[in-house]
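One file, coords11.txt, carrying compact mmCIF, C-alpha atoms:
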# COMPACT_ATOMS: atom_id res chain seq x y z
CA MET A 1 53.50 134.58 149.61
CA LYS A 2 53.84 132.13 152.46
CA THR A 3 55.69 129.01 151.29
CA VAL A 4 55.69 125.76 153.25
CA ALA A 5 57.77 122.70 152.37
CA ILE A 6 56.56 119.37 153.72
CA VAL A 7 59.57 117.10 154.02
CA SER A 8 60.18 113.60 155.33
CA GLN A 9 62.60 110.95 154.20
CA LYS A 10 60.20 108.33 155.51
CA GLY A 11 57.27 107.21 153.41
CA GLY A 12 53.78 107.06 154.88
CA SER A 13 54.22 110.08 157.12
CA GLY A 14 51.16 111.87 155.69
CA LYS A 15 52.86 114.61 153.65
CA THR A 16 50.32 114.74 150.84
CA THR A 17 47.32 114.56 153.18
CA ILE A 18 48.67 117.56 155.08
CA ALA A 19 49.54 119.42 151.87
CA VAL A 20 46.11 119.20 150.25
CA HIS A 21 44.29 119.97 153.50
CA LEU A 22 46.36 123.09 154.16
CA ALA A 23 45.81 124.27 150.59
CA VAL A 24 42.03 123.92 150.85
CA CYS A 25 42.13 125.62 154.23
CA ALA A 26 43.90 128.59 152.65
CA GLU A 27 41.34 128.75 149.85
CA LEU A 28 38.48 128.71 152.37
CA ALA A 29 40.24 131.61 154.10
CA HIS A 30 40.11 133.48 150.75
CA LYS A 31 43.83 133.11 150.12
CA GLN A 32 44.76 131.69 146.73
CA ALA A 33 46.80 128.52 147.20
CA ALA A 34 49.05 126.38 145.01
CA ILE A 35 50.44 122.90 145.58
CA ILE A 36 53.70 122.02 143.86
CA ASP A 37 54.06 118.25 143.85
CA LEU A 38 57.66 117.05 143.59
CA ASP A 39 56.78 113.42 144.29
CA PRO A 40 56.95 111.26 141.13
CA GLN A 41 53.93 109.33 142.46
CA ALA A 42 51.96 112.61 142.11
CA SER A 43 49.50 111.76 144.87
CA ALA A 44 48.40 115.37 145.20
CA LEU A 45 47.59 115.50 141.49
CA GLU A 46 45.64 112.25 141.81
CA TRP A 47 43.59 113.83 144.63
CA TYR A 48 42.97 116.86 142.43
CA SER A 49 41.73 114.63 139.59
CA ARG A 50 38.94 113.38 141.88
CA ARG A 51 38.00 116.91 142.86
CA ASP A 52 35.04 118.87 141.47
CA ALA A 53 36.45 122.28 142.39
CA GLU A 54 39.18 123.80 140.24
CA SER A 55 41.13 125.09 143.22
CA PRO A 56 43.57 124.76 144.82
CA GLU A 57 45.80 124.38 141.80
CA VAL A 58 48.13 121.36 141.80
CA VAL A 59 51.22 121.30 139.60
CA THR A 60 53.74 118.47 139.27
CA ALA A 61 57.34 119.52 138.92
CA THR A 62 60.99 118.58 139.15
CA PRO A 63 63.24 120.24 141.75
CA GLU A 64 64.86 122.27 138.94
CA GLN A 65 61.48 123.78 138.04
CA LEU A 66 60.61 124.74 141.60
CA PRO A 67 62.14 128.26 141.79
CA GLY A 68 60.43 129.34 138.59
CA LEU A 69 57.09 127.84 139.59
CA LEU A 70 57.14 129.63 142.95
CA LYS A 71 57.81 132.94 141.21
CA GLN A 72 55.00 132.21 138.76
CA ALA A 73 52.58 131.31 141.56
CA LYS A 74 53.34 134.58 143.34
CA ALA A 75 52.94 136.56 140.12
CA ASN A 76 49.57 134.88 139.55
CA GLY A 77 48.32 136.06 142.93
CA ALA A 78 48.93 133.04 145.15
CA GLY A 79 49.26 133.91 148.82
CA PHE A 80 50.06 130.39 150.02
CA ALA A 81 52.23 127.74 148.38
CA ILE A 82 52.87 124.21 149.56
CA ILE A 83 55.71 122.03 148.30
CA ASP A 84 54.95 118.32 148.63
CA THR A 85 58.18 116.31 148.46
CA ALA A 86 58.92 112.63 147.90
CA PRO A 87 60.46 110.32 150.51
CA HIS A 88 64.07 109.22 149.96
CA SER A 89 64.78 112.25 147.78
CA ASP A 90 67.65 114.15 149.35
CA ARG A 91 68.24 116.77 146.68
CA ALA A 92 64.58 117.66 146.17
CA ALA A 93 64.03 117.93 149.91
CA VAL A 94 66.96 120.31 150.38
CA ILE A 95 65.96 122.51 147.43
CA ALA A 96 62.36 122.69 148.67
CA ALA A 97 63.45 123.46 152.23
CA GLU A 98 65.79 126.26 151.19
CA LEU A 99 63.04 127.95 149.15
CA ALA A 100 60.44 127.73 151.92
CA ASP A 101 59.54 130.09 154.74
CA LEU A 102 58.73 127.08 156.92
CA VAL A 103 59.76 123.43 156.72
CA LEU A 104 57.23 121.00 158.17
CA ILE A 105 58.30 117.46 159.04
CA PRO A 106 55.31 115.19 159.69
CA CYS A 107 56.01 112.38 162.14
CA ARG A 108 53.82 109.67 163.58
CA PRO A 109 54.40 109.33 167.35
CA SER A 110 55.58 105.72 167.20
CA ALA A 111 59.05 104.58 168.24
CA PHE A 112 59.94 103.54 164.67
CA ASP A 113 58.82 106.86 163.17
CA VAL A 114 60.50 108.99 165.82
CA ALA A 115 63.73 107.05 165.32
CA ALA A 116 63.48 107.41 161.53
CA ILE A 117 63.12 111.20 161.68
CA GLY A 118 66.86 111.42 162.29
CA ALA A 119 67.56 110.94 158.58
CA THR A 120 65.42 113.95 157.69
CA LEU A 121 66.94 116.14 160.39
CA LYS A 122 70.47 115.15 159.34
CA LEU A 123 69.64 116.13 155.76
CA LEU A 124 68.19 119.51 156.75
CA LYS A 125 71.15 120.31 158.99
CA LEU A 126 73.21 120.43 155.81
CA SER A 127 70.92 123.12 154.41
CA GLU A 128 70.25 126.71 155.42
CA ALA A 129 66.68 125.84 156.40
CA PHE A 130 67.24 124.02 159.68
CA ASP A 131 66.34 127.08 161.76
CA ARG A 132 62.99 127.25 159.93
CA THR A 133 62.17 123.58 160.56
CA VAL A 134 59.43 122.25 162.84
CA ILE A 135 57.97 118.81 163.53
CA LEU A 136 54.26 118.07 163.24
CA LEU A 137 53.01 115.03 165.12
CA ASN A 138 50.59 113.37 162.74
CA ALA A 139 48.19 110.40 162.90
CA ALA A 140 48.37 110.58 166.68
CA PRO A 141 46.17 108.26 168.74
CA SER A 142 43.31 110.07 170.42
CA ARG A 143 44.09 108.49 173.78
CA GLY A 144 47.19 107.71 175.80
CA THR A 145 50.42 109.56 176.48
CA ILE A 146 52.54 108.36 173.56
CA THR A 147 52.06 111.58 171.58
CA GLU A 148 53.12 113.91 174.37
CA VAL A 149 56.07 111.69 175.26
CA ALA A 150 57.21 111.89 171.63
CA ALA A 151 56.66 115.65 171.59
CA GLN A 152 58.73 116.14 174.70
CA GLY A 153 61.66 114.15 173.33
CA LEU A 154 61.59 115.69 169.85
CA SER A 155 61.25 119.24 171.17
CA GLU A 156 64.74 118.93 172.65
CA ILE A 157 66.06 118.74 169.08
CA VAL A 158 63.62 120.74 166.91
CA PRO A 159 60.52 122.81 167.77
CA VAL A 160 57.31 120.80 167.73
CA VAL A 161 54.10 122.35 166.39
CA PRO A 162 51.66 122.77 169.30
CA VAL A 163 48.80 121.45 167.13
CA ARG A 164 48.38 117.67 166.87
CA MET A 165 46.80 115.88 163.91
CA HIS A 166 45.06 112.75 165.11
CA ASN A 167 44.35 109.45 163.42
CA ARG A 168 40.82 110.16 162.20
CA ALA A 169 38.83 108.34 159.52
CA ALA A 170 37.57 111.69 158.21
CA TYR A 171 40.96 112.40 156.62
CA SER A 172 40.85 109.22 154.53
CA HIS A 173 37.20 109.67 153.58
CA ALA A 174 37.83 113.26 152.48
CA ILE A 175 40.94 112.40 150.44
CA ASN A 176 39.20 109.50 148.71
CA SER A 177 36.45 111.81 147.46
CA GLY A 178 38.74 114.65 146.41
CA HIS A 179 37.80 116.85 149.35
CA SER A 180 39.29 118.17 152.55
CA VAL A 181 37.88 117.44 155.99
CA GLN A 182 36.57 121.01 156.13
CA GLU A 183 34.41 120.20 153.13
CA TYR A 184 33.61 116.62 154.10
CA ASP A 185 32.72 117.30 157.76
CA PRO A 186 32.99 121.04 158.52
CA GLN A 187 31.97 120.65 162.17
CA GLY A 188 34.22 117.65 162.88
CA LYS A 189 37.33 117.47 165.01
CA ALA A 190 39.57 116.90 161.98
CA ALA A 191 38.36 120.18 160.47
CA GLU A 192 39.18 121.94 163.75
CA GLU A 193 42.68 120.46 163.73
CA ILE A 194 43.58 121.48 160.21
CA LEU A 195 42.26 124.99 160.73
CA ALA A 196 44.31 125.30 163.93
CA LEU A 197 47.40 124.09 162.04
CA TYR A 198 46.82 126.54 159.20
CA ASN A 199 46.35 129.44 161.62
CA TRP A 200 49.52 128.50 163.50
CA ILE A 201 51.50 128.37 160.24
CA MET A 202 50.23 131.76 159.10
CA LYS A 203 51.27 133.32 162.43
CA SER A 204 54.69 131.65 162.55

Please express the file's structure as structure tokens.
Amino acid sequence: MKTVAIVSQKGGSGKTTIAVHLAVCAELAHKQAAIIDLDPQASALEWYSRRDAESPEVVTATPEQLPGLLKQAKANGAGFAIIDTAPHSDRAAVIAAELADLVLIPCRPSAFDVAAIGATLKLLKLSEAFDRTVILLNAAPSRGTITEVAAQGLSEIVPVVPVRMHNRAAYSHAINSGHSVQEYDPQGKAAEEILALYNWIMKS
């Protein structure tokens, strides 16, 4: 079972949006997915409550419950698990990272967000998961060079995912209706992006 932890000490980085989209992408690829939501705000569960489909399964949990839930998900046939963590939660982030095959840090390509990513990297350096950590540039503007400038600078510290997620209205529209962009607009650019990200993760 491929397990991905989405971690960022900064709020508003897009963790839950990425989590639910990757989970639906896995389901559409005929791979049973599970989202384990460690964020007390339970945004992933709220998205699921607006959803007509019963999958992907979303479970809220504490960090202490995470090892057992991952084992249970695997035993139940899940092939893809995503751990959605809360901002400003050091212990939960470290536990999630150490149990994951890949740690994904979403980061908007603005100066403030790039500067703030240092707190997350410092935290992960204390864990055994730093060598499995990558940065995903998220909510990137569709024009200009700011995203590639950010990618170049960050890649000197941690590998940067070659796929970019752009600031597209389709993501918000899909989330608001309990869908993913692949369901909301299957032929759109957002759907292409999330599929490319999922495929990259599965090959990494």

Inset, instruction - Mind listing whatever residues come within 9 Å of the point (56.4, 128.9, 144.5)? Use all atoms listed in the file, file coordinates, and give them as a list in words. - result: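 Here the neighbourhood of the point contains Met1, Lys2, Thr3, Ala34, Ile35, Ile36, Leu66, Pro67, Gly68, Leu69, Leu70, Lys71, Gln72, Ala73, Lys74, Ala78, Phe80, Ala81, Ile82, Ile83, Leu99 and Ala100 of chain A.
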
Legend entry - Ala111 in chain A environment, 12 Å, all atoms listed in the file, sequence neighbours closer than 2 positions dropped, as a PyMOL selection string: chain A and resi 107-109+113-118+146-147+149-151+153-154

Legend entry - Residue neighbourhood Thr85 in chain A, 7 Å, only C-alpha atoms, exclusion window fewer than 4 positions, as a list in words: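 Counting only the stated atoms, we get Ile6, Val7, Asp37, Leu38, Asp39, Ala92 and Ala93 of chain A.
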
Legend entry - Between CA of Arg51 in chain A and CA of Ile95 in chain A - distance in Å to one decimal: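 Separation between CA of Ile95 in chain A and CA of Arg51 in chain A: 28.9 Å.
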
Can you check which parts of range 1-39 of chain A lie within 8 Å of range 171-182 of chain A? Per residue, the shortest pair of atoms and distance in Å to one decimal, counting all atoms listed in the file, sorted by chain and number, as CSV.
residue,atom,partner,partner_atom,distance
A:Thr17,CA,A:Ile175,CA,7.3
A:Val20,CA,A:Ser180,CA,7.3
A:His21,CA,A:Ser180,CA,5.4
A:Val24,CA,A:Ser180,CA,6.6
A:Cys25,CA,A:Gln182,CA,7.5

Please produce a file of the residues just selected, as an mmCIF file, in the frame of the given file, where the atoms kept are C-alpha atoms.
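Writing the result to again03.cif gives the following:
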data_model
loop_
_atom_site.group_PDB
_atom_site.id
_atom_site.type_symbol
_atom_site.label_atom_id
_atom_site.label_comp_id
_atom_site.auth_asym_id
_atom_site.auth_seq_id
_atom_site.Cartn_x
_atom_site.Cartn_y
_atom_site.Cartn_z
ATOM 1 C CA THR A 17 47.320 114.560 153.180
ATOM 2 C CA VAL A 20 46.110 119.200 150.250
ATOM 3 C CA HIS A 21 44.290 119.970 153.500
ATOM 4 C CA VAL A 24 42.030 123.920 150.850
ATOM 5 C CA CYS A 25 42.130 125.620 154.230
#

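Every protein, DNA or RNA residue with an atom at most 12 Å from Ser204 in chain A, where only C-alpha atoms count and chain neighbours fewer than 2 positions away do not, is listed here: Lys2, Thr3, Val4, Asp101, Leu102, Val103, Leu104, Arg132, Thr133, Val134, Pro159, Val161, Pro162, Leu197, Tyr198, Asn199, Trp200, Ile201 and Met202 of chain A.
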
Inset, instruction - Might you pull out every residue within 9 Å of range 119-125 of chain A, with only C-alpha atoms counted and same-chain residues fewer than 5 positions away left off, and present them as a PyMOL selection string? - result: chain A and resi 7-10+90+93-94+97+105+130-131+133+158

Inset, instruction - Could you please determine the separation between CA of His166 in chain A and CA of Glu193 in chain A in Å, to one decimal place? - result: 8.2 Å

Quick one: residues within 6 Å of Pro106 in chain A, all atoms listed in the file counted, chain neighbours fewer than 3 positions away excluded, as an mmCIF file with C-alpha atoms, keeping the file's coordinate frame?
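result_28.cif written:
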data_model
loop_
_atom_site.group_PDB
_atom_site.id
_atom_site.type_symbol
_atom_site.label_atom_id
_atom_site.label_comp_id
_atom_site.auth_asym_id
_atom_site.auth_seq_id
_atom_site.Cartn_x
_atom_site.Cartn_y
_atom_site.Cartn_z
ATOM 1 C CA SER A 13 54.220 110.080 157.120
ATOM 2 C CA ILE A 135 57.970 118.810 163.530
ATOM 3 C CA LEU A 136 54.260 118.070 163.240
ATOM 4 C CA LEU A 137 53.010 115.030 165.120
ATOM 5 C CA ASN A 138 50.590 113.370 162.740
#

Centre and edge lengths, as JSON, for the axis-aligned box enclosing every listed atom of range 138-146 of chain A with 3 Å of padding on each of the six sides, in Å to one decimal?
{"center_x": 47.9, "center_y": 110.5, "center_z": 169.6, "size_x": 15.2, "size_y": 11.7, "size_z": 19.7}

Legend entry - Distance in Å - CA of Pro56 in chain A versus CA of Ala26 in chain A: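 Here the two named atoms are 8.7 Å from each other.
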
Legend entry - Nearest-residue call for Asp52 in chain A, choices A:Glu183, A:Met165, A:Thr16, A:Lys189, using only C-alpha atoms: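 For Asp52 in chain A, the nearest of the candidates is A:Glu183.
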